[in-house]
$ cat start.cif   # mmCIF, C-alpha atoms
data_protein
loop_
_atom_site.group_PDB
_atom_site.id
_atom_site.type_symbol
_atom_site.label_atom_id
_atom_site.label_comp_id
_atom_site.auth_asym_id
_atom_site.auth_seq_id
_atom_site.Cartn_x
_atom_site.Cartn_y
_atom_site.Cartn_z
ATOM 1 C CA MET A 1 16.828 30.750 -10.800
ATOM 2 C CA LEU A 2 14.771 29.630 -7.799
ATOM 3 C CA ALA A 3 15.362 32.698 -5.720
ATOM 4 C CA LYS A 4 14.207 35.197 -8.297
ATOM 5 C CA ASP A 5 11.820 33.134 -10.439
ATOM 6 C CA SER A 6 8.931 31.468 -8.738
ATOM 7 C CA VAL A 7 8.056 28.290 -10.637
ATOM 8 C CA HIS A 8 5.008 26.305 -9.676
ATOM 9 C CA MET A 9 5.936 22.689 -10.209
ATOM 10 C CA LYS A 10 3.257 20.239 -9.156
ATOM 11 C CA PRO A 11 3.792 16.610 -8.186
ATOM 12 C CA ASN A 12 2.126 14.253 -10.660
ATOM 13 C CA PRO A 13 -1.130 13.094 -8.972
ATOM 14 C CA ASN A 14 -0.299 9.517 -10.043
ATOM 15 C CA VAL A 15 2.815 9.538 -7.852
ATOM 16 C CA LEU A 16 2.523 7.919 -4.414
ATOM 17 C CA PHE A 17 5.090 8.748 -1.770
ATOM 18 C CA LYS A 18 6.125 7.877 1.744
ATOM 19 C CA ARG A 19 8.862 8.884 4.121
ATOM 20 C CA LEU A 20 11.213 6.123 5.264
ATOM 21 C CA GLY A 21 13.433 7.732 7.883
ATOM 22 C CA GLU A 22 15.429 10.553 6.314
ATOM 23 C CA GLU A 23 14.594 9.408 2.796
ATOM 24 C CA MET A 24 11.455 9.622 0.659
ATOM 25 C CA VAL A 25 10.336 6.795 -1.609
ATOM 26 C CA LEU A 26 8.172 7.682 -4.622
ATOM 27 C CA PHE A 27 6.158 5.328 -6.802
ATOM 28 C CA ASN A 28 4.988 6.451 -10.243
ATOM 29 C CA LEU A 29 1.827 4.588 -11.234
ATOM 30 C CA ASP A 30 2.183 5.792 -14.833
ATOM 31 C CA THR A 31 5.533 4.079 -15.316
ATOM 32 C CA ASP A 32 5.499 1.386 -12.585
ATOM 33 C CA HIS A 33 8.842 2.730 -11.335
ATOM 34 C CA PHE A 34 9.905 3.756 -7.885
ATOM 35 C CA TYR A 35 12.553 6.203 -6.721
ATOM 36 C CA GLU A 36 14.434 7.140 -3.631
ATOM 37 C CA LEU A 37 15.198 10.741 -2.637
ATOM 38 C CA ASN A 38 17.949 11.485 -0.106
ATOM 39 C CA GLY A 39 17.326 13.707 2.950
ATOM 40 C CA PRO A 40 17.427 17.213 1.399
ATOM 41 C CA ALA A 41 15.670 16.052 -1.779
ATOM 42 C CA ALA A 42 13.029 14.368 0.395
ATOM 43 C CA ARG A 43 12.415 17.650 2.202
ATOM 44 C CA PHE A 44 12.225 19.449 -1.168
ATOM 45 C CA TRP A 45 9.569 16.981 -2.341
ATOM 46 C CA GLU A 46 7.672 17.268 0.927
ATOM 47 C CA LEU A 47 7.429 21.059 0.638
ATOM 48 C CA LEU A 48 6.581 20.916 -3.063
ATOM 49 C CA SER A 49 3.806 18.407 -2.476
ATOM 50 C CA ALA A 50 2.420 20.602 0.321
ATOM 51 C CA GLY A 51 1.635 23.148 -2.410
ATOM 52 C CA HIS A 52 4.587 25.560 -2.077
ATOM 53 C CA ASP A 53 6.093 27.037 -5.218
ATOM 54 C CA THR A 54 9.804 26.641 -5.787
ATOM 55 C CA ALA A 55 10.683 30.099 -4.418
ATOM 56 C CA GLU A 56 8.895 29.285 -1.153
ATOM 57 C CA VAL A 57 10.545 25.883 -1.008
ATOM 58 C CA SER A 58 13.918 27.544 -1.528
ATOM 59 C CA GLU A 59 13.358 30.077 1.261
ATOM 60 C CA ARG A 60 12.251 27.361 3.677
ATOM 61 C CA MET A 61 15.261 25.224 2.867
ATOM 62 C CA LEU A 62 17.688 28.126 3.282
ATOM 63 C CA ASP A 63 16.308 28.456 6.813
ATOM 64 C CA GLU A 64 16.533 24.770 7.551
ATOM 65 C CA TYR A 65 19.897 23.798 6.022
ATOM 66 C CA GLU A 66 23.400 25.200 6.075
ATOM 67 C CA VAL A 67 23.641 25.916 2.378
ATOM 68 C CA ASP A 68 24.150 29.091 0.367
ATOM 69 C CA ARG A 69 21.556 30.399 -2.054
ATOM 70 C CA ASP A 70 23.554 29.706 -5.228
ATOM 71 C CA GLN A 71 24.318 26.127 -4.335
ATOM 72 C CA LEU A 72 20.702 25.475 -3.357
ATOM 73 C CA ALA A 73 19.463 26.982 -6.631
ATOM 74 C CA SER A 74 21.860 24.871 -8.660
ATOM 75 C CA GLU A 75 20.969 21.643 -6.808
ATOM 76 C CA ALA A 76 17.248 22.384 -7.022
ATOM 77 C CA ASP A 77 17.371 23.068 -10.737
ATOM 78 C CA ALA A 78 19.092 19.745 -11.340
ATOM 79 C CA LEU A 79 16.621 17.889 -9.135
ATOM 80 C CA LEU A 80 13.606 19.516 -10.811
ATOM 81 C CA ALA A 81 14.993 18.585 -14.216
ATOM 82 C CA SER A 82 15.315 14.948 -13.103
ATOM 83 C CA LEU A 83 11.856 14.923 -11.543
ATOM 84 C CA GLN A 84 10.395 16.368 -14.741
ATOM 85 C CA GLN A 85 12.263 13.914 -16.928
ATOM 86 C CA GLU A 86 10.888 10.998 -14.898
ATOM 87 C CA GLY A 87 7.350 12.411 -15.067
ATOM 88 C CA LEU A 88 7.218 12.910 -11.301
ATOM 89 C CA VAL A 89 6.367 16.617 -11.536
ATOM 90 C CA SER A 90 4.941 18.918 -14.140
ATOM 91 C CA SER A 91 4.738 22.641 -14.572
ATOM 92 C CA GLY A 92 1.626 24.004 -12.870
ATOM 93 C CA GLU A 93 1.166 26.762 -15.461
ATOM 94 C CA MET B 1 -9.993 5.767 11.438
ATOM 95 C CA ILE B 2 -7.016 4.557 9.430
ATOM 96 C CA GLN B 3 -6.682 5.400 5.767
ATOM 97 C CA VAL B 4 -4.023 4.712 3.176
ATOM 98 C CA THR B 5 -3.622 7.817 1.020
ATOM 99 C CA ARG B 6 -1.349 9.006 -1.775
ATOM 100 C CA ARG B 7 0.678 10.873 0.855
ATOM 101 C CA GLY B 8 1.004 7.932 3.239
ATOM 102 C CA THR B 9 -1.089 6.321 5.963
ATOM 103 C CA GLU B 10 -3.215 8.573 8.180
ATOM 104 C CA PHE B 11 -4.608 7.544 11.548
ATOM 105 C CA SER B 12 -7.350 9.304 13.470
ATOM 106 C CA GLY B 13 -8.846 6.572 15.673
ATOM 107 C CA SER B 14 -9.930 7.070 19.277
ATOM 108 C CA THR B 15 -9.079 4.802 22.206
ATOM 109 C CA GLU B 16 -12.730 3.684 22.279
ATOM 110 C CA VAL B 17 -12.738 2.645 18.613
ATOM 111 C CA MET B 18 -9.413 0.824 19.010
ATOM 112 C CA GLY B 19 -10.829 -0.980 22.054
ATOM 113 C CA ALA B 20 -13.957 -2.018 20.138
ATOM 114 C CA LEU B 21 -11.837 -3.411 17.273
ATOM 115 C CA ARG B 22 -9.640 -5.317 19.723
ATOM 116 C CA ASP B 23 -12.740 -6.773 21.355
ATOM 117 C CA GLN B 24 -14.263 -7.712 17.983
ATOM 118 C CA PHE B 25 -11.021 -9.406 16.888
ATOM 119 C CA GLU B 26 -10.748 -11.262 20.180
ATOM 120 C CA ARG B 27 -14.311 -12.608 19.943
ATOM 121 C CA ARG B 28 -14.905 -12.984 16.177
ATOM 122 C CA HIS B 29 -11.324 -13.284 14.824
ATOM 123 C CA TYR B 30 -11.804 -10.475 12.293
ATOM 124 C CA PHE B 31 -12.600 -6.781 11.941
ATOM 125 C CA VAL B 32 -13.470 -4.508 9.023
ATOM 126 C CA LEU B 33 -11.648 -1.281 8.168
ATOM 127 C CA PRO B 34 -14.116 0.820 6.155
ATOM 128 C CA GLY B 35 -12.491 3.040 3.514
ATOM 129 C CA LEU B 36 -8.955 1.818 4.191
ATOM 130 C CA LEU B 37 -8.003 2.942 0.692
ATOM 131 C CA GLU B 38 -8.970 6.564 -0.003
ATOM 132 C CA THR B 39 -11.424 7.017 -2.880
ATOM 133 C CA GLU B 40 -9.025 8.950 -5.140
ATOM 134 C CA LEU B 41 -6.370 6.282 -4.731
ATOM 135 C CA LEU B 42 -8.877 3.467 -5.182
ATOM 136 C CA ASP B 43 -9.908 4.983 -8.513
ATOM 137 C CA LEU B 44 -6.260 5.218 -9.644
ATOM 138 C CA ILE B 45 -5.617 1.585 -8.729
ATOM 139 C CA GLN B 46 -8.842 0.366 -10.348
ATOM 140 C CA ARG B 47 -7.898 2.088 -13.608
ATOM 141 C CA GLN B 48 -4.515 0.353 -13.549
ATOM 142 C CA ILE B 49 -6.174 -2.993 -12.811
ATOM 143 C CA ASP B 50 -8.463 -2.478 -15.819
ATOM 144 C CA ARG B 51 -5.331 -2.307 -17.989
ATOM 145 C CA GLY B 52 -3.835 -5.446 -16.451
ATOM 146 C CA GLU B 53 -4.097 -9.067 -17.421
ATOM 147 C CA PHE B 54 -5.656 -11.774 -15.247
ATOM 148 C CA ARG B 55 -4.600 -15.407 -15.510
ATOM 149 C CA GLU B 56 -6.267 -18.455 -14.024
ATOM 150 C CA ARG B 57 -4.524 -19.772 -10.968
ATOM 151 C CA VAL B 58 -4.982 -22.828 -8.797
ATOM 152 C CA HIS B 59 -3.344 -22.798 -5.365
ATOM 153 C CA GLU B 60 -1.829 -26.234 -5.076
ATOM 154 C CA ARG B 61 -1.523 -26.064 -1.295
ATOM 155 C CA ILE B 62 -5.253 -25.525 -0.941
ATOM 156 C CA ASP B 63 -7.483 -28.569 -1.372
ATOM 157 C CA SER B 64 -9.698 -27.213 -4.151
ATOM 158 C CA ASN B 65 -9.400 -23.651 -5.377
ATOM 159 C CA LYS B 66 -9.511 -21.633 -8.600
ATOM 160 C CA GLU B 67 -9.347 -17.896 -9.259
ATOM 161 C CA LEU B 68 -7.986 -15.292 -11.666
ATOM 162 C CA CYS B 69 -4.762 -13.612 -10.598
ATOM 163 C CA LEU B 70 -3.432 -10.249 -11.870
ATOM 164 C CA SER B 71 -0.031 -10.492 -13.531
ATOM 165 C CA GLU B 72 2.579 -8.106 -12.119
ATOM 166 C CA SER B 73 1.578 -4.571 -13.041
ATOM 167 C CA ALA B 74 1.699 -0.995 -11.806
ATOM 168 C CA ALA B 75 -1.438 -1.694 -9.739
ATOM 169 C CA PHE B 76 0.285 -4.587 -7.995
ATOM 170 C CA GLY B 77 3.442 -2.521 -7.393
ATOM 171 C CA ALA B 78 1.386 0.351 -6.020
ATOM 172 C CA LEU B 79 -0.528 -1.918 -3.639
ATOM 173 C CA LEU B 80 2.683 -3.481 -2.332
ATOM 174 C CA PHE B 81 4.111 0.032 -1.911
ATOM 175 C CA LEU B 82 1.016 1.260 -0.056
ATOM 176 C CA MET B 83 0.363 -1.702 2.229
ATOM 177 C CA ASN B 84 3.976 -2.070 3.295
ATOM 178 C CA ASP B 85 3.699 0.786 5.719
ATOM 179 C CA GLU B 86 5.051 1.075 9.264
ATOM 180 C CA LYS B 87 1.989 2.983 10.531
ATOM 181 C CA LEU B 88 -0.365 0.343 9.173
ATOM 182 C CA PHE B 89 1.832 -2.413 10.644
ATOM 183 C CA GLN B 90 1.758 -0.734 14.063
ATOM 184 C CA PHE B 91 -2.026 -0.322 13.893
ATOM 185 C CA ILE B 92 -2.567 -4.013 13.045
ATOM 186 C CA GLN B 93 -0.164 -5.067 15.812
ATOM 187 C CA ASP B 94 -2.010 -2.864 18.334
ATOM 188 C CA ILE B 95 -5.410 -4.334 17.474
ATOM 189 C CA THR B 96 -4.476 -7.975 17.013
ATOM 190 C CA GLN B 97 -1.620 -8.167 19.553
ATOM 191 C CA CYS B 98 0.273 -10.230 16.977
ATOM 192 C CA ALA B 99 4.034 -10.586 16.629
ATOM 193 C CA ARG B 100 6.020 -7.716 15.085
ATOM 194 C CA ILE B 101 5.040 -7.158 11.451
ATOM 195 C CA ASP B 102 7.741 -6.358 8.935
ATOM 196 C CA CYS B 103 5.990 -6.802 5.592
ATOM 197 C CA PHE B 104 2.755 -7.371 3.709
ATOM 198 C CA GLU B 105 2.644 -9.795 0.808
ATOM 199 C CA GLY B 106 -0.395 -10.194 -1.383
ATOM 200 C CA ARG B 107 -1.924 -10.787 -4.791
ATOM 201 C CA VAL B 108 -4.745 -9.182 -6.742
ATOM 202 C CA TYR B 109 -7.343 -11.827 -7.525
ATOM 203 C CA ARG B 110 -10.702 -11.852 -9.264
ATOM 204 C CA VAL B 111 -13.540 -14.330 -9.039
ATOM 205 C CA ASN B 112 -16.311 -14.288 -11.599
ATOM 206 C CA PRO B 113 -19.714 -15.731 -10.807
ATOM 207 C CA GLY B 114 -20.466 -18.848 -12.830
ATOM 208 C CA ASP B 115 -16.847 -19.442 -13.944
ATOM 209 C CA GLY B 116 -16.182 -22.214 -11.445
ATOM 210 C CA HIS B 117 -13.985 -19.980 -9.271
ATOM 211 C CA HIS B 118 -14.085 -21.227 -5.717
ATOM 212 C CA ASP B 119 -12.139 -21.608 -2.477
ATOM 213 C CA SER B 120 -11.727 -24.350 0.148
ATOM 214 C CA TRP B 121 -11.089 -24.307 3.890
ATOM 215 C CA HIS B 122 -7.456 -23.543 4.706
ATOM 216 C CA ASN B 123 -5.415 -21.624 7.301
ATOM 217 C CA ASP B 124 -2.526 -19.894 5.434
ATOM 218 C CA ILE B 125 -0.151 -20.702 8.300
ATOM 219 C CA GLY B 126 3.581 -20.679 7.526
ATOM 220 C CA GLU B 127 6.266 -18.404 6.066
ATOM 221 C CA GLY B 128 5.995 -16.008 9.019
ATOM 222 C CA ARG B 129 2.389 -15.035 8.245
ATOM 223 C CA VAL B 130 0.726 -13.532 11.294
ATOM 224 C CA VAL B 131 -2.549 -11.869 10.184
ATOM 225 C CA GLY B 132 -4.567 -11.981 6.939
ATOM 226 C CA MET B 133 -6.141 -9.060 5.095
ATOM 227 C CA SER B 134 -8.351 -8.690 2.040
ATOM 228 C CA LEU B 135 -8.848 -5.260 0.471
ATOM 229 C CA ASN B 136 -11.915 -4.943 -1.749
ATOM 230 C CA LEU B 137 -11.066 -3.387 -5.123
ATOM 231 C CA SER B 138 -14.313 -4.303 -6.903
ATOM 232 C CA ARG B 139 -16.060 -1.594 -8.881
ATOM 233 C CA GLU B 140 -19.508 -3.048 -8.229
ATOM 234 C CA VAL B 141 -21.172 -4.485 -5.164
ATOM 235 C CA TYR B 142 -20.995 -8.262 -5.510
ATOM 236 C CA SER B 143 -23.078 -11.007 -3.900
ATOM 237 C CA GLY B 144 -21.498 -13.864 -1.982
ATOM 238 C CA GLY B 145 -17.696 -13.807 -1.715
ATOM 239 C CA VAL B 146 -18.059 -13.844 2.070
ATOM 240 C CA LEU B 147 -15.134 -14.642 4.387
ATOM 241 C CA GLN B 148 -16.061 -17.538 6.669
ATOM 242 C CA ILE B 149 -14.021 -18.584 9.688
ATOM 243 C CA ARG B 150 -14.490 -21.891 11.471
ATOM 244 C CA ASN B 151 -12.960 -23.956 14.240
ATOM 245 C CA ARG B 152 -10.627 -26.456 12.563
ATOM 246 C CA GLU B 153 -11.367 -29.356 14.876
ATOM 247 C CA SER B 154 -15.130 -29.047 15.428
ATOM 248 C CA GLU B 155 -15.745 -27.402 12.022
ATOM 249 C CA ALA B 156 -18.204 -25.082 13.766
ATOM 250 C CA LEU B 157 -18.680 -21.812 11.901
ATOM 251 C CA ILE B 158 -17.471 -18.898 14.058
ATOM 252 C CA SER B 159 -17.773 -15.820 11.866
ATOM 253 C CA GLU B 160 -18.877 -14.534 8.485
ATOM 254 C CA ALA B 161 -17.657 -11.213 7.090
ATOM 255 C CA ALA B 162 -19.035 -9.676 3.915
ATOM 256 C CA ASN B 163 -16.578 -7.099 2.606
ATOM 257 C CA THR B 164 -18.526 -5.510 -0.204
ATOM 258 C CA GLY B 165 -17.601 -1.840 0.250
ATOM 259 C CA SER B 166 -15.111 -0.694 -2.341
ATOM 260 C CA GLY B 167 -11.843 0.280 -0.617
ATOM 261 C CA ASP B 168 -12.835 -1.526 2.614
ATOM 262 C CA ALA B 169 -10.602 -4.196 4.125
ATOM 263 C CA VAL B 170 -11.278 -7.180 6.317
ATOM 264 C CA VAL B 171 -8.468 -8.219 8.659
ATOM 265 C CA PHE B 172 -8.606 -11.759 10.056
ATOM 266 C CA ARG B 173 -6.734 -14.014 12.424
ATOM 267 C CA LEU B 174 -4.442 -16.801 11.207
ATOM 268 C CA SER B 175 -4.202 -19.693 13.621
ATOM 269 C CA ARG B 176 -3.654 -23.443 13.545
ATOM 270 C CA ASP B 177 -6.966 -23.774 15.409
ATOM 271 C CA LEU B 178 -8.920 -21.909 12.725
ATOM 272 C CA GLN B 179 -9.661 -22.275 9.044
ATOM 273 C CA HIS B 180 -11.139 -19.790 6.584
ATOM 274 C CA ARG B 181 -12.520 -19.700 3.064
ATOM 275 C CA ILE B 182 -14.323 -17.332 0.716
ATOM 276 C CA THR B 183 -17.797 -18.430 -0.398
ATOM 277 C CA GLU B 184 -18.656 -18.469 -4.094
ATOM 278 C CA VAL B 185 -19.532 -15.184 -5.761
ATOM 279 C CA GLU B 186 -23.087 -15.141 -7.081
ATOM 280 C CA GLY B 187 -25.181 -12.858 -9.254
ATOM 281 C CA SER B 188 -23.538 -10.900 -12.071
ATOM 282 C CA ALA B 189 -20.783 -8.754 -10.497
ATOM 283 C CA SER B 190 -17.207 -10.040 -10.088
ATOM 284 C CA LYS B 191 -15.180 -9.699 -6.934
ATOM 285 C CA THR B 192 -11.686 -8.187 -7.205
ATOM 286 C CA ALA B 193 -9.489 -7.953 -4.125
ATOM 287 C CA PHE B 194 -5.909 -7.502 -2.978
ATOM 288 C CA ALA B 195 -5.486 -10.273 -0.447
ATOM 289 C CA GLY B 196 -2.509 -11.443 1.517
ATOM 290 C CA TRP B 197 -0.777 -11.589 4.834
ATOM 291 C CA PHE B 198 1.083 -9.400 7.266
ATOM 292 C CA ARG B 199 4.324 -11.242 7.920
ATOM 293 C CA ALA B 200 6.957 -11.274 10.629
ATOM 294 C CA GLN B 201 9.748 -11.039 8.059
ATOM 295 C CA PRO B 202 11.452 -9.888 5.884
ATOM 296 C CA ASN B 203 11.737 -6.178 6.588
ATOM 297 C CA VAL B 204 10.368 -4.504 3.499
ATOM 298 C CA SER B 205 11.303 -0.954 4.496
ATOM 299 C CA SER B 206 14.960 -1.844 4.263
ATOM 300 C CA SER B 207 14.321 -3.366 0.818
ATOM 301 C CA LEU B 208 12.513 -0.298 -0.535
ATOM 302 C CA LYS B 209 15.178 2.021 0.810
ATOM 303 C CA GLU B 210 18.761 1.338 -0.193
ATOM 304 C CA SER B 211 20.384 4.452 1.218
ATOM 305 C CA GLN B 212 21.183 5.116 4.838
ATOM 306 C CA ALA B 213 20.970 8.503 6.506
ATOM 307 C CA GLU B 214 24.267 10.260 5.909
ATOM 308 C CA ASP B 215 26.282 13.189 7.116
ATOM 309 C CA ALA B 216 27.333 14.256 3.628
ATOM 310 C CA PRO B 217 27.676 17.806 2.272
ATOM 311 C CA PHE B 218 24.363 19.310 1.110
ATOM 312 C CA SER B 219 23.162 17.814 -2.159
ATOM 313 C CA PHE B 220 19.961 16.570 -3.745
ATOM 314 C CA ARG B 221 20.000 12.985 -4.974
ATOM 315 C CA ILE B 222 17.394 10.899 -6.730
ATOM 316 C CA LYS B 223 17.867 7.198 -7.385
ATOM 317 C CA SER B 224 15.724 5.272 -9.837
ATOM 318 C CA ARG B 225 14.929 1.769 -8.538
ATOM 319 C CA GLY B 226 12.831 0.206 -11.342
ATOM 320 C CA SER B 227 9.571 -1.657 -10.732
ATOM 321 C CA ILE B 228 8.407 -2.946 -7.374
ATOM 322 C CA THR B 229 8.003 -6.698 -7.488
ATOM 323 C CA VAL B 230 7.612 -9.444 -4.930
ATOM 324 C CA ASP B 231 11.404 -9.804 -5.162
ATOM 325 C CA HIS B 232 11.682 -6.587 -3.180
ATOM 326 C CA LEU B 233 10.223 -8.454 -0.232
ATOM 327 C CA TYR B 234 13.078 -10.954 -0.144
#
$ encode --input "start.cif" --output "structure tokens"
Amino acid sequence: MLAKDSVHMKPNPNVLFKRLGEEMVLFNLDTDHFYELNGPAARFWELLSAGHDTAEVSERMLDEYEVDRDQLASEADALLASLQQEGLVSSGE
Amino acid sequence: MIQVTRRGTEFSGSTEVMGALRDQFERRHYFVLPGLLETELLDLIQRQIDRGEFRERVHERIDSNKELCLSESAAFGALLFLMNDEKLFQFIQDITQCARIDCFEGRVYRVNPGDGHHDSWHNDIGEGRVVGMSLNLSREVYSGGVLQIRNRESEALISEAANTGSGDAVVFRLSRDLQHRITEVEGSASKTAFAGWFRAQPNVSSSLKESQAEDAPFSFRIKSRGSITVDHLY
């Protein structure tokens, strides 16, 4: 999905985030919950919050990691679903 | 110069400015960080505080003291999250030349003029506290509520710091030779602040982050960790 469909998911502006080593810690002010993203997910969040759409994020990550396009797309879809479910991102449409 | 933002802490200070702050701290035992909390973030936090509940609190270890204290809320969690930051720790260490900082612990308090809220001279020493900080979260400019620092033995007043800019912070020395207090708030506007101490331990970064860097096959993982509370500091 990510490679052919460009989806503009935007981080919720009420989410604070900081890098702690390889990981990223997020805090959602709306829910008073915090989250931890592992290395690749942290990089995904970083690129998304820099304003890239998901297709751009995908291309950047294919360059940076040893992963094939299908696996990346599948992992990214699952992550985006979780982020959406937790109210950490929303569709920018 | 240094600003806590939604994306993390950003530093843009020059050697000259750092030198002036060091000099000010050396001579007056405090310095002010204007706009430490970025405006957008300040507004978010203030809105969360408005939804919170304040309860009266008396600090038993301080001779005579009464204030309102915010119960644990998203605002409190966010402030702990934001102020427990390695870049901020390093900045404070550089200016104050204090021992290594590993965490910031604080509370959101409010003092209303005319409600009998007041403070007494004390020094906050103990529990690994190395430097104090008060971040102004008030919506309005208040009168009074000034930080005073005095010599403990002679009781001579050394410094007074009004911290009335919203989002500004005053950082002050903790020492057995010094005492500090906040003067009564006057007029009609309340003072709301996130005040606490940079501490030598525990290491809060390791508490916020459970996972260690790994050499695992490529995968995305997200872990929900619940609310941030003071327990995460211990």
$ atom_distance --input "start.cif" --atom1 "atom CA of B:Ser224" --atom2 "atom CA of B:Ala75"
18.5 Å
$ atom_distance --input "start.cif" --atom1 "atom CA of A:Asp30" --atom2 "atom CA of B:Ser227"
11.3 Å
$ closest_atom_pairs --input "start.cif" --of "chain A" --to "chain B" --cutoff "10 Å" --atoms "all atoms listed in the file" --output "Markdown table"
| residue | atom | partner | partner_atom | distance |
| --- | --- | --- | --- | --- |
| A:Pro13 | CA | B:Arg6 | CA | 8.3 |
| A:Asn14 | CA | B:Leu44 | CA | 7.4 |
| A:Val15 | CA | B:Arg6 | CA | 7.4 |
| A:Leu16 | CA | B:Arg6 | CA | 4.8 |
| A:Phe17 | CA | B:Arg7 | CA | 5.6 |
| A:Lys18 | CA | B:Gly8 | CA | 5.3 |
| A:Arg19 | CA | B:Gly8 | CA | 8.0 |
| A:Leu20 | CA | B:Ser205 | CA | 7.1 |
| A:Gly21 | CA | B:Ala213 | CA | 7.7 |
| A:Glu22 | CA | B:Ala213 | CA | 5.9 |
| A:Glu23 | CA | B:Ala213 | CA | 7.4 |
| A:Met24 | CA | B:Lys209 | CA | 8.5 |
| A:Val25 | CA | B:Lys209 | CA | 7.2 |
| A:Leu26 | CA | B:Phe81 | CA | 9.1 |
| A:Phe27 | CA | B:Ala78 | CA | 6.9 |
| A:Asn28 | CA | B:Ala78 | CA | 8.2 |
| A:Leu29 | CA | B:Ala74 | CA | 5.6 |
| A:Asp30 | CA | B:Ala74 | CA | 7.4 |
| A:Thr31 | CA | B:Ala74 | CA | 7.3 |
| A:Asp32 | CA | B:Ala74 | CA | 4.6 |
| A:His33 | CA | B:Ser227 | CA | 4.5 |
| A:Phe34 | CA | B:Arg225 | CA | 5.4 |
| A:Tyr35 | CA | B:Ser224 | CA | 4.5 |
| A:Glu36 | CA | B:Lys223 | CA | 5.1 |
| A:Leu37 | CA | B:Ile222 | CA | 4.6 |
| A:Asn38 | CA | B:Arg221 | CA | 5.5 |
| A:Gly39 | CA | B:Ala213 | CA | 7.3 |
| A:Pro40 | CA | B:Phe220 | CA | 5.8 |
| A:Ala41 | CA | B:Phe220 | CA | 4.7 |
| A:Ala42 | CA | B:Phe220 | CA | 8.4 |
| A:Arg43 | CA | B:Phe220 | CA | 9.7 |
| A:Phe44 | CA | B:Phe220 | CA | 8.6 |
| A:Glu46 | CA | B:Arg7 | CA | 9.5 |
| A:Ser49 | CA | B:Arg7 | CA | 8.8 |
| A:Ala50 | CA | B:Arg7 | CA | 9.9 |
| A:Tyr65 | CA | B:Phe218 | CA | 8.0 |
| A:Glu66 | CA | B:Phe218 | CA | 7.8 |
| A:Val67 | CA | B:Phe218 | CA | 6.8 |
| A:Asp68 | CA | B:Phe218 | CA | 9.8 |
| A:Gln71 | CA | B:Ser219 | CA | 8.7 |
| A:Leu72 | CA | B:Ser219 | CA | 8.1 |
| A:Ser74 | CA | B:Ser219 | CA | 9.7 |
| A:Glu75 | CA | B:Phe220 | CA | 6.0 |
| A:Ala76 | CA | B:Phe220 | CA | 7.2 |
| A:Asp77 | CA | B:Phe220 | CA | 9.9 |
| A:Ala78 | CA | B:Phe220 | CA | 8.3 |
| A:Leu79 | CA | B:Phe220 | CA | 6.5 |
| A:Leu80 | CA | B:Phe220 | CA | 9.9 |
| A:Ser82 | CA | B:Ile222 | CA | 7.8 |
| A:Leu83 | CA | B:Ile222 | CA | 8.4 |
| A:Glu86 | CA | B:Ser224 | CA | 9.0 |
$ atom_distance --input "start.cif" --atom1 "atom CA of B:Asn136" --atom2 "atom CA of B:Val170"
8.4 Å
$ closest_residue --input "start.cif" --among "B:Leu42, B:Val108, B:Ser175, B:Ile101" --to "B:Phe89" --atoms "all atoms listed in the file"
B:Ile101
$ resolve_selection --input "start.cif" --expression "the PyMOL selection byres ((chain B and resi 96) around 12)" --output "ChimeraX atom specification"
/B:18-31,89-95,97-101,130-132,171-174,198
$ resolve_selection --input "start.cif" --expression "the PyMOL selection byres ((chain B and resi 153-163) around 9)" --output "PyMOL selection string"
chain B and resi 28-32+134-136+143-152+164-166+168-170+177-179
$ closest_residue --input "start.cif" --among "B:Ala189, B:Ile182, B:Ile49, B:Ala195" --to "B:His118" --atoms "all atoms listed in the file"
B:Ile182
$ resolve_selection --input "start.cif" --expression "the PyMOL selection byres ((chain B and resi 120-129) around 6)" --output "PyMOL selection string"
chain B and resi 64+119+130+179-181+197-200
$ write_last_selection --input "start.cif" --atoms "C-alpha atoms" --output "PDB file, in the frame of the given file"
ATOM      1  CA  SER B  64      -9.698 -27.213  -4.151  1.00  0.00           C
ATOM      2  CA  ASP B 119     -12.139 -21.608  -2.477  1.00  0.00           C
ATOM      3  CA  VAL B 130       0.726 -13.532  11.294  1.00  0.00           C
ATOM      4  CA  GLN B 179      -9.661 -22.275   9.044  1.00  0.00           C
ATOM      5  CA  HIS B 180     -11.139 -19.790   6.584  1.00  0.00           C
ATOM      6  CA  ARG B 181     -12.520 -19.700   3.064  1.00  0.00           C
ATOM      7  CA  TRP B 197      -0.777 -11.589   4.834  1.00  0.00           C
ATOM      8  CA  PHE B 198       1.083  -9.400   7.266  1.00  0.00           C
ATOM      9  CA  ARG B 199       4.324 -11.242   7.920  1.00  0.00           C
ATOM     10  CA  ALA B 200       6.957 -11.274  10.629  1.00  0.00           C
TER      11      ALA B 200
END
$ residues_near_point --input "start.cif" --point "(-11.6, 3.7, 4.7)" --cutoff "6 Å" --atoms "only C-alpha atoms" --output "compact mmCIF listing (two decimals) with C-alpha atoms, in the coordinates of the input"
# COMPACT_ATOMS: atom_id res chain seq x y z
CA GLN B 3 -6.68 5.40 5.77
CA PRO B 34 -14.12 0.82 6.16
CA GLY B 35 -12.49 3.04 3.51
CA LEU B 36 -8.96 1.82 4.19
CA LEU B 37 -8.00 2.94 0.69
CA ASP B 168 -12.84 -1.53 2.61
